[in-house]
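Listing of run_22.cif; format and content: mmCIF, C-alpha atoms and all ligand atoms.
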```cif
data_my_file
loop_
_atom_site.label_atom_id
_atom_site.label_comp_id
_atom_site.auth_asym_id
_atom_site.auth_seq_id
_atom_site.Cartn_x
_atom_site.Cartn_y
_atom_site.Cartn_z
CA MET A 1 -77.08 27.68 -51.01
CA SER A 2 -77.50 31.42 -50.50
CA PHE A 3 -74.60 33.78 -49.73
CA ASN A 4 -74.72 37.00 -47.68
CA PHE A 5 -74.10 39.77 -50.22
CA ALA A 6 -72.71 43.15 -49.21
CA ILE A 7 -72.20 46.30 -51.26
CA VAL A 8 -69.39 48.79 -50.71
CA THR A 9 -70.69 52.28 -51.68
CA ALA A 10 -74.22 53.49 -52.24
CA GLY A 11 -73.78 55.21 -55.61
CA ASN A 12 -74.94 54.70 -59.17
CA ILE A 13 -73.81 51.14 -59.94
CA ALA A 14 -74.46 50.02 -56.34
CA THR A 15 -78.12 50.91 -56.88
CA LYS A 16 -78.35 48.85 -60.08
CA MET A 17 -76.69 45.91 -58.33
CA ALA A 18 -79.01 46.19 -55.30
CA GLU A 19 -82.08 46.14 -57.57
CA THR A 20 -80.68 43.02 -59.27
CA VAL A 21 -79.62 40.96 -56.23
CA ASN A 22 -83.05 41.58 -54.74
CA LYS A 23 -84.42 39.29 -57.44
CA LEU A 24 -81.79 36.53 -57.12
CA ASP A 25 -82.06 33.37 -54.99
CA CYS A 26 -78.33 32.63 -54.77
CA VAL A 27 -77.65 35.66 -52.49
CA ASN A 28 -79.26 37.37 -49.48
CA CYS A 29 -79.36 41.17 -49.50
CA TYR A 30 -77.29 41.46 -46.33
CA ALA A 31 -75.34 44.72 -45.91
CA VAL A 32 -74.34 48.03 -47.46
CA ALA A 33 -71.67 50.53 -46.41
CA ALA A 34 -71.28 54.14 -47.45
CA ARG A 35 -69.05 56.97 -46.26
CA ASP A 36 -72.18 58.60 -44.88
CA GLY A 37 -74.13 56.38 -42.48
CA GLN A 38 -77.47 58.06 -43.17
CA ARG A 39 -77.14 57.37 -46.88
CA ALA A 40 -76.18 53.77 -46.13
CA GLU A 41 -79.27 53.37 -43.93
CA ALA A 42 -81.57 54.92 -46.53
CA PHE A 43 -80.07 52.71 -49.26
CA ALA A 44 -80.39 49.56 -47.11
CA LYS A 45 -84.02 50.31 -46.23
CA GLN A 46 -84.93 51.16 -49.81
CA HIS A 47 -83.40 47.99 -51.22
CA GLY A 48 -84.22 45.54 -48.40
CA PHE A 49 -80.70 45.05 -46.98
CA SER A 50 -80.80 44.03 -43.31
CA HIS A 51 -77.54 45.71 -42.18
CA TRP A 52 -75.85 49.03 -42.92
CA TYR A 53 -72.54 50.60 -41.95
CA ASP A 54 -71.11 54.11 -41.97
CA SER A 55 -67.65 52.83 -42.87
CA TYR A 56 -66.32 50.23 -45.26
CA ASP A 57 -64.04 48.94 -42.45
CA ALA A 58 -67.08 47.99 -40.37
CA LEU A 59 -68.57 46.08 -43.29
CA PHE A 60 -65.32 44.17 -43.90
CA ALA A 61 -65.20 43.32 -40.17
CA ASP A 62 -68.66 41.72 -40.19
CA PRO A 63 -68.04 37.94 -40.06
CA ASN A 64 -71.42 37.19 -41.67
CA VAL A 65 -70.56 38.89 -44.97
CA ASP A 66 -69.74 36.26 -47.64
CA ILE A 67 -69.43 38.28 -50.86
CA VAL A 68 -68.39 41.93 -51.17
CA TYR A 69 -69.32 43.86 -54.31
CA ILE A 70 -67.16 46.95 -54.82
CA GLY A 71 -68.70 49.89 -56.70
CA SER A 72 -66.27 52.73 -56.03
CA PRO A 73 -64.23 54.93 -58.42
CA HIS A 74 -61.33 53.11 -60.13
CA SER A 75 -58.66 54.73 -57.95
CA HIS A 76 -60.13 53.06 -54.85
CA HIS A 77 -60.55 49.46 -56.08
CA TYR A 78 -57.04 48.25 -55.22
CA ALA A 79 -57.09 49.22 -51.52
CA GLN A 80 -60.70 48.14 -50.98
CA VAL A 81 -60.28 44.76 -52.69
CA LYS A 82 -57.12 44.14 -50.66
CA GLN A 83 -58.93 44.92 -47.43
CA ALA A 84 -61.84 42.65 -48.37
CA ILE A 85 -59.53 39.74 -49.24
CA LEU A 86 -57.60 40.11 -45.97
CA ALA A 87 -60.98 39.94 -44.19
CA LYS A 88 -61.52 36.60 -46.03
CA LYS A 89 -64.39 37.83 -48.19
CA HIS A 90 -65.09 36.72 -51.74
CA VAL A 91 -64.94 39.78 -53.97
CA LEU A 92 -66.79 40.93 -57.08
CA CYS A 93 -65.12 44.23 -58.04
CA GLU A 94 -66.40 46.64 -60.68
CA LYS A 95 -64.30 47.11 -63.80
CA PRO A 96 -61.48 47.76 -64.10
CA MET A 97 -60.24 45.54 -61.25
CA THR A 98 -57.44 48.05 -60.59
CA VAL A 99 -55.86 50.95 -62.45
CA ASN A 100 -52.94 48.85 -63.74
CA ALA A 101 -51.92 45.22 -64.29
CA LYS A 102 -49.31 45.15 -61.52
CA GLN A 103 -51.88 45.99 -58.85
CA ALA A 104 -54.25 43.30 -60.14
CA GLN A 105 -51.48 40.70 -60.23
CA GLU A 106 -50.78 41.36 -56.56
CA LEU A 107 -54.47 41.06 -55.65
CA PHE A 108 -54.93 37.81 -57.57
CA ALA A 109 -51.97 36.27 -55.72
CA LEU A 110 -53.42 37.48 -52.41
CA ALA A 111 -56.86 36.03 -53.26
CA LYS A 112 -55.31 32.63 -54.01
CA GLU A 113 -53.31 32.73 -50.74
CA ASN A 114 -56.49 33.49 -48.82
CA ASN A 115 -58.55 30.99 -50.79
CA VAL A 116 -61.25 33.47 -51.83
CA VAL A 117 -62.83 34.15 -55.21
CA LEU A 118 -61.80 37.46 -56.77
CA VAL A 119 -63.45 38.49 -60.02
CA GLU A 120 -63.73 41.64 -62.12
CA ALA A 121 -67.35 42.55 -62.80
CA THR A 122 -67.00 43.20 -66.54
CA TRP A 123 -70.66 42.24 -66.92
CA THR A 124 -70.53 41.74 -70.72
CA ARG A 125 -68.32 38.66 -70.33
CA PHE A 126 -70.99 36.84 -68.29
CA MET A 127 -73.90 37.45 -70.67
CA PRO A 128 -75.38 34.53 -72.62
CA PHE A 129 -74.92 36.23 -76.00
CA VAL A 130 -71.13 35.85 -75.68
CA ALA A 131 -71.04 32.04 -75.86
CA ALA A 132 -73.58 32.11 -78.73
CA LEU A 133 -71.57 34.70 -80.67
CA GLN A 134 -68.37 32.71 -80.19
CA GLN A 135 -70.15 29.58 -81.45
CA VAL A 136 -71.43 31.43 -84.54
CA LEU A 137 -67.93 32.82 -85.18
CA ALA A 138 -66.53 29.28 -85.00
CA GLN A 139 -69.22 27.89 -87.34
CA GLN A 140 -68.56 30.73 -89.84
CA PRO A 141 -72.02 30.99 -91.47
CA VAL A 142 -70.74 34.05 -93.39
CA GLY A 143 -67.12 32.97 -93.63
CA LYS A 144 -64.07 33.86 -91.59
CA PRO A 145 -64.19 37.02 -89.45
CA LEU A 146 -61.67 39.53 -90.86
CA SER A 147 -62.19 42.78 -88.96
CA MET A 148 -64.33 44.52 -86.36
CA VAL A 149 -65.37 48.12 -85.75
CA CYS A 150 -66.65 48.89 -82.29
CA SER A 151 -67.59 52.21 -80.69
CA PHE A 152 -68.63 53.17 -77.18
CA GLY A 153 -69.33 56.67 -75.96
CA PHE A 154 -71.61 58.78 -73.79
CA ALA A 155 -71.56 62.41 -72.67
CA VAL A 156 -70.33 61.65 -69.15
CA SER A 157 -67.20 63.79 -68.92
CA GLY A 158 -68.84 66.07 -66.32
CA ARG A 159 -68.98 63.28 -63.73
CA PRO A 160 -66.19 63.69 -61.17
CA ARG A 161 -65.06 60.06 -61.39
CA MET A 162 -64.70 60.43 -65.19
CA ALA A 163 -63.07 63.88 -65.11
CA LYS A 164 -60.57 63.64 -62.25
CA PRO A 165 -57.11 62.12 -62.63
CA GLU A 166 -57.07 61.42 -58.87
CA LEU A 167 -60.11 59.13 -59.35
CA ALA A 168 -58.38 57.48 -62.34
CA GLY A 169 -60.82 59.13 -64.73
CA GLY A 170 -60.83 59.28 -68.53
CA ALA A 171 -62.57 57.34 -71.28
CA LEU A 172 -60.18 54.37 -71.40
CA LEU A 173 -60.68 52.75 -67.99
CA ASP A 174 -64.41 53.36 -67.91
CA LEU A 175 -65.57 53.03 -71.55
CA GLY A 176 -62.58 51.86 -73.61
CA ILE A 177 -62.34 48.67 -71.56
CA TYR A 178 -65.54 47.44 -73.28
CA PRO A 179 -64.42 47.62 -76.95
CA LEU A 180 -61.08 46.08 -75.86
CA THR A 181 -63.07 43.29 -74.20
CA MET A 182 -65.20 42.81 -77.31
CA ALA A 183 -62.06 42.55 -79.47
CA ALA A 184 -60.71 39.88 -77.11
CA LEU A 185 -63.98 37.94 -77.17
CA VAL A 186 -64.07 37.97 -80.98
CA PHE A 187 -60.38 37.59 -81.95
CA GLY A 188 -58.63 36.35 -78.78
CA ASN A 189 -55.60 37.74 -76.95
CA ASP A 190 -52.81 37.19 -79.48
CA ILE A 191 -52.15 40.79 -80.57
CA THR A 192 -49.19 41.49 -82.84
CA GLU A 193 -49.56 45.27 -83.29
CA MET A 194 -51.35 48.10 -81.48
CA THR A 195 -51.53 51.74 -82.55
CA SER A 196 -53.63 54.46 -80.97
CA ILE A 197 -54.32 58.17 -80.63
CA CYS A 198 -56.14 60.14 -77.96
CA THR A 199 -57.33 63.65 -77.19
CA LYS A 200 -56.87 64.71 -73.59
CA THR A 201 -58.96 66.95 -71.36
CA GLU A 202 -57.39 69.98 -69.67
CA ALA A 203 -57.07 67.86 -66.53
CA GLY A 204 -54.93 65.38 -68.48
CA VAL A 205 -57.13 62.29 -68.88
CA ASP A 206 -58.27 60.92 -72.25
CA ALA A 207 -61.52 62.45 -73.51
CA GLN A 208 -61.62 60.26 -76.62
CA HIS A 209 -59.37 57.73 -78.29
CA SER A 210 -59.10 55.36 -81.19
CA ILE A 211 -57.22 52.07 -81.02
CA SER A 212 -56.22 49.71 -83.84
CA LEU A 213 -55.30 46.15 -82.97
CA LYS A 214 -53.85 43.57 -85.32
CA PHE A 215 -54.16 39.91 -84.32
CA ALA A 216 -51.92 36.96 -85.12
CA GLY A 217 -54.39 35.70 -87.76
CA GLY A 218 -54.24 39.07 -89.55
CA GLN A 219 -57.63 40.33 -88.27
CA ILE A 220 -57.92 44.02 -87.40
CA ALA A 221 -60.09 45.63 -84.71
CA THR A 222 -60.76 49.37 -84.81
CA LEU A 223 -62.08 50.68 -81.52
CA TYR A 224 -63.41 54.13 -80.57
CA SER A 225 -64.39 55.48 -77.16
CA ASN A 226 -65.48 58.96 -76.18
CA MET A 227 -66.72 60.41 -72.88
CA GLU A 228 -67.91 63.68 -74.44
CA CYS A 229 -70.67 62.43 -76.75
CA THR A 230 -72.81 59.42 -77.57
CA LEU A 231 -71.37 57.15 -80.26
CA GLU A 232 -73.11 54.47 -82.30
CA ASN A 233 -72.37 52.00 -79.48
CA SER A 234 -72.35 48.78 -81.44
CA ALA A 235 -69.89 46.21 -82.74
CA THR A 236 -69.82 45.07 -86.36
CA ILE A 237 -67.76 42.03 -87.27
CA HIS A 238 -66.94 41.91 -90.98
CA CYS A 239 -66.61 38.42 -92.44
CA GLU A 240 -65.72 37.00 -95.86
CA HIS A 241 -69.39 36.75 -96.99
CA GLY A 242 -71.34 39.11 -94.75
CA PHE A 243 -71.23 40.68 -91.32
CA ILE A 244 -72.45 40.25 -87.76
CA HIS A 245 -74.00 43.25 -86.04
CA VAL A 246 -74.08 43.39 -82.23
CA PRO A 247 -76.16 46.39 -81.09
CA LEU A 248 -75.52 47.69 -77.54
CA PHE A 249 -72.65 45.23 -77.49
CA TRP A 250 -71.59 45.85 -73.85
CA GLN A 251 -75.02 44.77 -72.57
CA SER A 252 -76.19 42.86 -75.61
CA GLN A 253 -79.34 40.80 -75.71
CA GLY A 254 -78.67 39.46 -79.18
CA PHE A 255 -77.06 39.95 -82.56
CA THR A 256 -77.87 39.59 -86.26
CA VAL A 257 -75.95 37.73 -88.95
CA HIS A 258 -76.25 39.42 -92.36
CA THR A 259 -75.26 37.56 -95.53
CA GLU A 260 -73.83 39.38 -98.55
CA ASN A 261 -77.19 38.71 -100.30
CA GLY A 262 -79.13 40.65 -97.66
CA GLU A 263 -80.54 37.67 -95.73
CA THR A 264 -80.55 37.98 -91.95
CA THR A 265 -80.65 35.58 -88.99
CA GLU A 266 -81.37 36.93 -85.52
CA TYR A 267 -80.11 35.51 -82.24
CA ASN A 268 -81.92 36.72 -79.10
CA PHE A 269 -80.89 36.37 -75.45
CA PRO A 270 -83.09 38.59 -73.27
CA HIS A 271 -81.66 39.32 -69.80
CA LYS A 272 -83.34 37.49 -66.92
CA ILE A 273 -83.22 40.63 -64.75
CA SER A 274 -80.92 43.53 -65.66
CA GLY A 275 -77.79 41.89 -67.09
CA TYR A 276 -75.93 42.14 -63.76
CA GLU A 277 -77.37 38.80 -62.56
CA TYR A 278 -74.94 36.64 -64.57
CA GLU A 279 -71.78 37.83 -62.78
CA VAL A 280 -73.42 37.30 -59.37
CA GLU A 281 -74.57 33.80 -60.31
CA SER A 282 -71.07 33.05 -61.57
CA ILE A 283 -69.27 34.07 -58.37
CA CYS A 284 -71.76 32.01 -56.32
CA LYS A 285 -71.03 28.96 -58.51
CA ALA A 286 -67.26 29.50 -58.17
CA ILE A 287 -67.53 29.67 -54.36
CA GLU A 288 -69.68 26.53 -54.25
CA SER A 289 -67.18 24.63 -56.38
CA GLY A 290 -64.15 25.80 -54.35
CA LYS A 291 -62.56 27.82 -57.19
CA THR A 292 -60.74 31.15 -56.87
CA GLU A 293 -61.82 32.51 -60.26
CA CYS A 294 -64.79 32.53 -62.62
CA PRO A 295 -64.48 30.85 -66.04
CA GLU A 296 -66.13 33.77 -67.88
CA MET A 297 -63.61 36.32 -66.52
CA PRO A 298 -60.42 34.45 -65.62
CA HIS A 299 -57.63 36.37 -63.90
CA SER A 300 -55.47 36.01 -67.03
CA ASP A 301 -58.07 37.90 -69.11
CA THR A 302 -58.33 40.72 -66.57
CA LEU A 303 -54.52 40.99 -66.68
CA HIS A 304 -54.48 40.92 -70.50
CA ILE A 305 -56.88 43.86 -70.79
CA LEU A 306 -55.15 45.80 -68.01
CA SER A 307 -51.77 45.28 -69.72
CA LEU A 308 -53.21 46.70 -72.95
CA MET A 309 -54.59 49.70 -71.07
CA ASP A 310 -51.19 50.19 -69.36
CA ALA A 311 -49.51 50.18 -72.79
CA LEU A 312 -52.07 52.64 -74.20
CA ARG A 313 -51.64 55.04 -71.29
CA LYS A 314 -47.89 54.80 -71.75
CA GLN A 315 -48.36 55.81 -75.42
CA TRP A 316 -50.53 58.73 -74.29
CA ASN A 317 -48.35 59.67 -71.31
CA ILE A 318 -51.19 59.35 -68.79
CA GLN A 319 -50.27 58.32 -65.26
CA TYR A 320 -52.67 58.57 -62.31
CA PRO A 321 -51.73 60.16 -58.98
CA CYS A 322 -52.77 56.93 -57.20
CA GLU A 323 -50.03 55.00 -59.05
CA THR A 324 -46.91 54.90 -56.91
CA GLU A 325 -44.73 53.45 -59.69
CA SER A 326 -44.60 54.39 -63.37
CA ILE A 327 -46.40 51.99 -65.72
N1 LIG B 401 -70.92 47.56 -65.17
C1 LIG B 401 -71.52 48.69 -65.46
O1 LIG B 401 -72.49 48.73 -66.19
C2 LIG B 401 -71.03 49.96 -64.83
C3 LIG B 401 -71.76 51.16 -65.01
C4 LIG B 401 -71.32 52.31 -64.35
C5 LIG B 401 -70.18 52.26 -63.56
N2 LIG B 401 -69.49 51.08 -63.43
C6 LIG B 401 -68.29 51.02 -62.58
O2 LIG B 401 -68.73 51.16 -61.22
C7 LIG B 401 -67.78 51.90 -60.48
C8 LIG B 401 -68.44 53.09 -59.84
O3 LIG B 401 -69.12 53.86 -60.78
P1 LIG B 401 -70.43 54.71 -60.38
O4 LIG B 401 -70.96 55.27 -61.64
O5 LIG B 401 -71.31 53.91 -59.51
O6 LIG B 401 -69.74 55.87 -59.55
P2 LIG B 401 -70.37 56.97 -58.59
O7 LIG B 401 -71.83 56.77 -58.43
O8 LIG B 401 -69.86 58.29 -59.04
O9 LIG B 401 -69.62 56.67 -57.22
C9 LIG B 401 -69.79 55.44 -56.57
C10 LIG B 401 -69.40 55.60 -55.12
O10 LIG B 401 -68.01 55.82 -55.00
C11 LIG B 401 -67.75 56.61 -53.85
N3 LIG B 401 -67.06 57.84 -54.27
C12 LIG B 401 -67.47 58.74 -55.19
N4 LIG B 401 -66.58 59.76 -55.27
C13 LIG B 401 -65.59 59.46 -54.42
C14 LIG B 401 -64.38 60.12 -54.04
N5 LIG B 401 -64.04 61.29 -54.58
N6 LIG B 401 -63.59 59.52 -53.12
C15 LIG B 401 -63.94 58.36 -52.56
N7 LIG B 401 -65.08 57.68 -52.87
C16 LIG B 401 -65.89 58.24 -53.78
C17 LIG B 401 -69.11 56.96 -53.24
O11 LIG B 401 -69.31 56.00 -52.21
P3 LIG B 401 -70.24 56.26 -50.93
O12 LIG B 401 -71.60 55.89 -51.40
O13 LIG B 401 -69.68 55.37 -49.88
O14 LIG B 401 -70.11 57.70 -50.57
C18 LIG B 401 -70.06 56.76 -54.40
O15 LIG B 401 -71.37 56.45 -54.00
C19 LIG B 401 -66.64 52.19 -61.43
O16 LIG B 401 -65.69 51.18 -61.31
C20 LIG B 401 -67.29 52.10 -62.82
O17 LIG B 401 -66.37 51.77 -63.85
C21 LIG B 401 -69.91 49.95 -64.05
#
```
If you took the structure in this file and wrote it as structure tokens, what would it be?
Amino acid sequence: MSFNFAIVTAGNIATKMAETVNKLDCVNCYAVAARDGQRAEAFAKQHGFSHWYDSYDALFADPNVDIVYIGSPHSHHYAQVKQAILAKKHVLCEKPMTVNAKQAQELFALAKENNVVLVEATWTRFMPFVAALQQVLAQQPVGKPLSMVCSFGFAVSGRPRMAKPELAGGALLDLGIYPLTMAALVFGNDITEMTSICTKTEAGVDAQHSISLKFAGGQIATLYSNMECTLENSATIHCEHGFIHVPLFWQSQGFTVHTENGETTEYNFPHKISGYEYEVESICKAIESGKTECPEMPHSDTLHILSLMDALRKQWNIQYPCETESI
């Protein structure tokens, strides 16, 4: 079965997704919509999409669209996802699903009512290395995992969608979501303590932050994100008798287990295409099996991470103009 795939926006991530779905059998490259019709047409022609629209409304109104992929700034996800669900489309929405947990909760309920799949495209969760890492953590070849240090940063603060509060900018929602996700994948969701600090830009969003999480089993995760410079961009899980290093952890193609004696074992999982293929395959499988969520990124996990980000922004006193109620 092959589903008609449509992309809302013709920007940076939309391009990466278009290049990926072109190589997948489970979807047809069907439509793209951009605010500017000429850009939509050029994008469609370049990436082999058969239809293009100069408004998102027109794309949502097309009865032949099965799956909508949303690649807009964070501030716009809530309204666009809502519109897509009401048009009875299945939705794969870029991370974060919404700017806060309350908005996502409402959308998940709406998706269930309308019997459509709604999933946050936190691509890391769908990658094959995750299941393998979780299996290794359970087998404990170097003992129990005790702590993790994870950093994620790039010099991207000049991009409008990172800089502007009205686009729900800042490091947390764009970058910080990945170390938080990694902590959840390694230690679970049972957090007993969370402390954090951030430095804000003049516009009032977080430029960099550090977060410490303590889990019910006593494990500690120390997470850093920064939108003003490149960080080491890896995760290291410290265990009783060695450590596990996950380079490029948000798009990882493998990891290495190091024993305390200096021996190493490598685990490799090269991407089939770009790394974005797994989330698309997963939403197709969910639709085929009549589900409203994907097992790799259940609604409860999206809500867990969004609730943490709400709590962090509360600590930092950051509220976005697109939020009608205080978090
Ligand atoms: N998974 C990943 O690896 C990854 C990587 C990068 C980004 N992302 C996520 O993808 C999403 C988009 O990021 P991006 O880097 O693709 O952003 P982008 O290229 O800056 O913008 C994407 C699109 O959003 C629309 N847009 C931009 N500025 C806008 C504004 N001021 N008001 C209304 N619409 C605006 C435009 O749509 P039109 O084309 O219709 O004009 C633009 O093409 C975010 O949720 C981000 O977190 C994910």
inquiry  = As a quick test: using all atoms listed in the file, which residues lie no more than 8 Å away from ligand LIG 401 (chain B)? Give them as JSON, numbers by chain.
reply    = {"A": [8, 9, 10, 11, 12, 13, 14, 15, 33, 34, 35, 36, 39, 40, 55, 56, 70, 71, 72, 73, 74, 76, 77, 93, 94, 95, 96, 97, 121, 122, 123, 159, 160, 161, 167, 173, 174, 175, 251, 276]}
Leu92 (chain A) proximity check over A:Phe5, A:Tyr320, A:Phe49, A:Tyr30, using all atoms listed in the file: winner is A:Phe5
Could you tell me how far CA of Glu296 (chain A) sits from CA of Ala132 (chain A), in Å to one decimal place?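 Spanning CA of Ala132 (chain A) to CA of Glu296 (chain A) is a straight-line distance of 13.3 Å.
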Here CA of Val65 (chain A) and CA of Gly37 (chain A) stand apart by 18.0 Å
Counting only C-alpha atoms, what is within 12 Å of Cys198 (chain A), bar same-chain residues fewer than 4 positions away, as a VMD selection string?
chain A and resid 170 to 172 176 204 to 212 223 to 227 312 to 318
- request: Pick out the closest residue to Val136 (chain A) from this set: A:Gln83, A:Ser326, A:Thr265, A:Ser282. Count all atoms listed in the file.
  value: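 Checking each of A:Gln83, A:Ser326, A:Thr265, A:Ser282 against Val136 (chain A), counting all atoms listed in the file, the winner is A:Thr265.
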What's the 12 Å shell around Asn64 (chain A), counting only C-alpha atoms, without same-chain residues fewer than 3 positions away, as a PyMOL selection string? chain A and resi 3-6+28-31+50-51+58-61+67-68+87-90
File of the preceding selection, C-alpha atoms, as a PDB file, in the frame of the given file:
```
ATOM      1  CA  PHE A   3     -74.600  33.780 -49.730  1.00  0.00           C
ATOM      2  CA  ASN A   4     -74.720  37.000 -47.680  1.00  0.00           C
ATOM      3  CA  PHE A   5     -74.100  39.770 -50.220  1.00  0.00           C
ATOM      4  CA  ALA A   6     -72.710  43.150 -49.210  1.00  0.00           C
ATOM      5  CA  ASN A  28     -79.260  37.370 -49.480  1.00  0.00           C
ATOM      6  CA  CYS A  29     -79.360  41.170 -49.500  1.00  0.00           C
ATOM      7  CA  TYR A  30     -77.290  41.460 -46.330  1.00  0.00           C
ATOM      8  CA  ALA A  31     -75.340  44.720 -45.910  1.00  0.00           C
ATOM      9  CA  SER A  50     -80.800  44.030 -43.310  1.00  0.00           C
ATOM     10  CA  HIS A  51     -77.540  45.710 -42.180  1.00  0.00           C
ATOM     11  CA  ALA A  58     -67.080  47.990 -40.370  1.00  0.00           C
ATOM     12  CA  LEU A  59     -68.570  46.080 -43.290  1.00  0.00           C
ATOM     13  CA  PHE A  60     -65.320  44.170 -43.900  1.00  0.00           C
ATOM     14  CA  ALA A  61     -65.200  43.320 -40.170  1.00  0.00           C
ATOM     15  CA  ILE A  67     -69.430  38.280 -50.860  1.00  0.00           C
ATOM     16  CA  VAL A  68     -68.390  41.930 -51.170  1.00  0.00           C
ATOM     17  CA  ALA A  87     -60.980  39.940 -44.190  1.00  0.00           C
ATOM     18  CA  LYS A  88     -61.520  36.600 -46.030  1.00  0.00           C
ATOM     19  CA  LYS A  89     -64.390  37.830 -48.190  1.00  0.00           C
ATOM     20  CA  HIS A  90     -65.090  36.720 -51.740  1.00  0.00           C
TER      21      HIS A  90
END
```
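One finds CA of Cys294 (chain A) at 26.6 Å from CA of Met148 (chain A).
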Notebook entry, point to check: Could you pull the residues within 12 Å of Glu240 (chain A), counting all atoms listed in the file, minus those fewer than 4 positions along the same chain, as a PyMOL selection string?
Noted result: chain A and resi 137+140-147+219+244+258-260
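Each of A:Val91, A:Val32, A:Leu303, A:Ile273 was compared to Asn114 (chain A) using all atoms listed in the file, and A:Val91 turns out to be the nearest.
Comparing the minimum interatomic distances between Lys214 (chain A) and each of A:Ala131, A:Ala184, A:Leu231, A:Met162, counting only C-alpha atoms, we find that A:Ala184 sits nearest.
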One residue among A:Met1, A:Thr264, A:Tyr69, A:Thr292 is nearest to Leu110 (chain A) when using all atoms listed in the file, and that residue is A:Thr292
Spatial neighbours of Asn233 (chain A), 7 Å, all atoms listed in the file, chain gap at least 4 places, as a VMD selection string
chain A and resid 151 to 153 247 to 248
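With only C-alpha atoms as the atoms that count, the minimum distance from Arg125 (chain A) to the choices A:Phe269, A:Leu306, A:Leu185, A:Leu24 is reached by A:Leu185.
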Residues within 9 Å of Thr192 (chain A), only C-alpha atoms, excluding chain neighbours under 5 positions, as an mmCIF file with C-alpha atoms, keeping the file's coordinate frame:
```cif
data_model
loop_
_atom_site.group_PDB
_atom_site.id
_atom_site.type_symbol
_atom_site.label_atom_id
_atom_site.label_comp_id
_atom_site.auth_asym_id
_atom_site.auth_seq_id
_atom_site.Cartn_x
_atom_site.Cartn_y
_atom_site.Cartn_z
ATOM 1 C CA LEU A 213 -55.300 46.150 -82.970
ATOM 2 C CA LYS A 214 -53.850 43.570 -85.320
ATOM 3 C CA PHE A 215 -54.160 39.910 -84.320
ATOM 4 C CA ALA A 216 -51.920 36.960 -85.120
ATOM 5 C CA GLY A 218 -54.240 39.070 -89.550
#
```
Using the structure block above, produce a file of region 254-293 of chain A that contains C-alpha atoms, as a PDB file, in the first residue's frame.
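Okay, decode-v1.pdb is ready:
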```
ATOM      1  CA  GLY A 254      25.856   3.376  15.965  1.00  0.00           C
ATOM      2  CA  PHE A 255      27.575   3.454  19.328  1.00  0.00           C
ATOM      3  CA  THR A 256      30.601   1.962  21.090  1.00  0.00           C
ATOM      4  CA  VAL A 257      30.755   0.127  24.401  1.00  0.00           C
ATOM      5  CA  HIS A 258      34.048   0.752  26.237  1.00  0.00           C
ATOM      6  CA  THR A 259      35.094  -1.480  29.142  1.00  0.00           C
ATOM      7  CA  GLU A 260      37.154  -0.133  32.043  1.00  0.00           C
ATOM      8  CA  ASN A 261      40.100  -2.171  30.629  1.00  0.00           C
ATOM      9  CA  GLY A 262      40.020  -0.274  27.333  1.00  0.00           C
ATOM     10  CA  GLU A 263      38.301  -2.951  25.216  1.00  0.00           C
ATOM     11  CA  THR A 264      35.670  -1.727  22.770  1.00  0.00           C
ATOM     12  CA  THR A 265      32.667  -3.230  20.972  1.00  0.00           C
ATOM     13  CA  GLU A 266      31.064  -1.322  18.115  1.00  0.00           C
ATOM     14  CA  TYR A 267      27.415  -1.449  17.082  1.00  0.00           C
ATOM     15  CA  ASN A 268      26.623  -0.075  13.608  1.00  0.00           C
ATOM     16  CA  PHE A 269      23.244   0.818  12.090  1.00  0.00           C
ATOM     17  CA  PRO A 270      23.754   2.775   8.864  1.00  0.00           C
ATOM     18  CA  HIS A 271      20.689   4.731   7.697  1.00  0.00           C
ATOM     19  CA  LYS A 272      18.858   3.272   4.699  1.00  0.00           C
ATOM     20  CA  ILE A 273      18.393   6.754   3.194  1.00  0.00           C
ATOM     21  CA  SER A 274      18.826   9.875   5.341  1.00  0.00           C
ATOM     22  CA  GLY A 275      17.462   8.906   8.759  1.00  0.00           C
ATOM     23  CA  TYR A 276      14.060  10.504   8.046  1.00  0.00           C
ATOM     24  CA  GLU A 277      12.758   7.299   6.402  1.00  0.00           C
ATOM     25  CA  TYR A 278      12.015   5.503   9.688  1.00  0.00           C
ATOM     26  CA  GLU A 279       9.352   7.966  10.892  1.00  0.00           C
ATOM     27  CA  VAL A 280       7.606   7.856   7.496  1.00  0.00           C
ATOM     28  CA  GLU A 281       7.631   4.054   7.448  1.00  0.00           C
ATOM     29  CA  SER A 282       6.266   4.059  10.988  1.00  0.00           C
ATOM     30  CA  ILE A 283       3.288   6.328  10.259  1.00  0.00           C
ATOM     31  CA  CYS A 284       2.448   4.214   7.185  1.00  0.00           C
ATOM     32  CA  LYS A 285       2.474   1.056   9.348  1.00  0.00           C
ATOM     33  CA  ALA A 286       0.268   2.731  11.978  1.00  0.00           C
ATOM     34  CA  ILE A 287      -2.283   3.768   9.331  1.00  0.00           C
ATOM     35  CA  GLU A 288      -2.318   0.264   7.823  1.00  0.00           C
ATOM     36  CA  SER A 289      -2.909  -1.298  11.229  1.00  0.00           C
ATOM     37  CA  GLY A 290      -5.688   1.171  12.176  1.00  0.00           C
ATOM     38  CA  LYS A 291      -3.767   2.787  15.068  1.00  0.00           C
ATOM     39  CA  THR A 292      -3.788   6.471  16.046  1.00  0.00           C
ATOM     40  CA  GLU A 293      -0.191   6.570  17.285  1.00  0.00           C
TER      41      GLU A 293
END
```
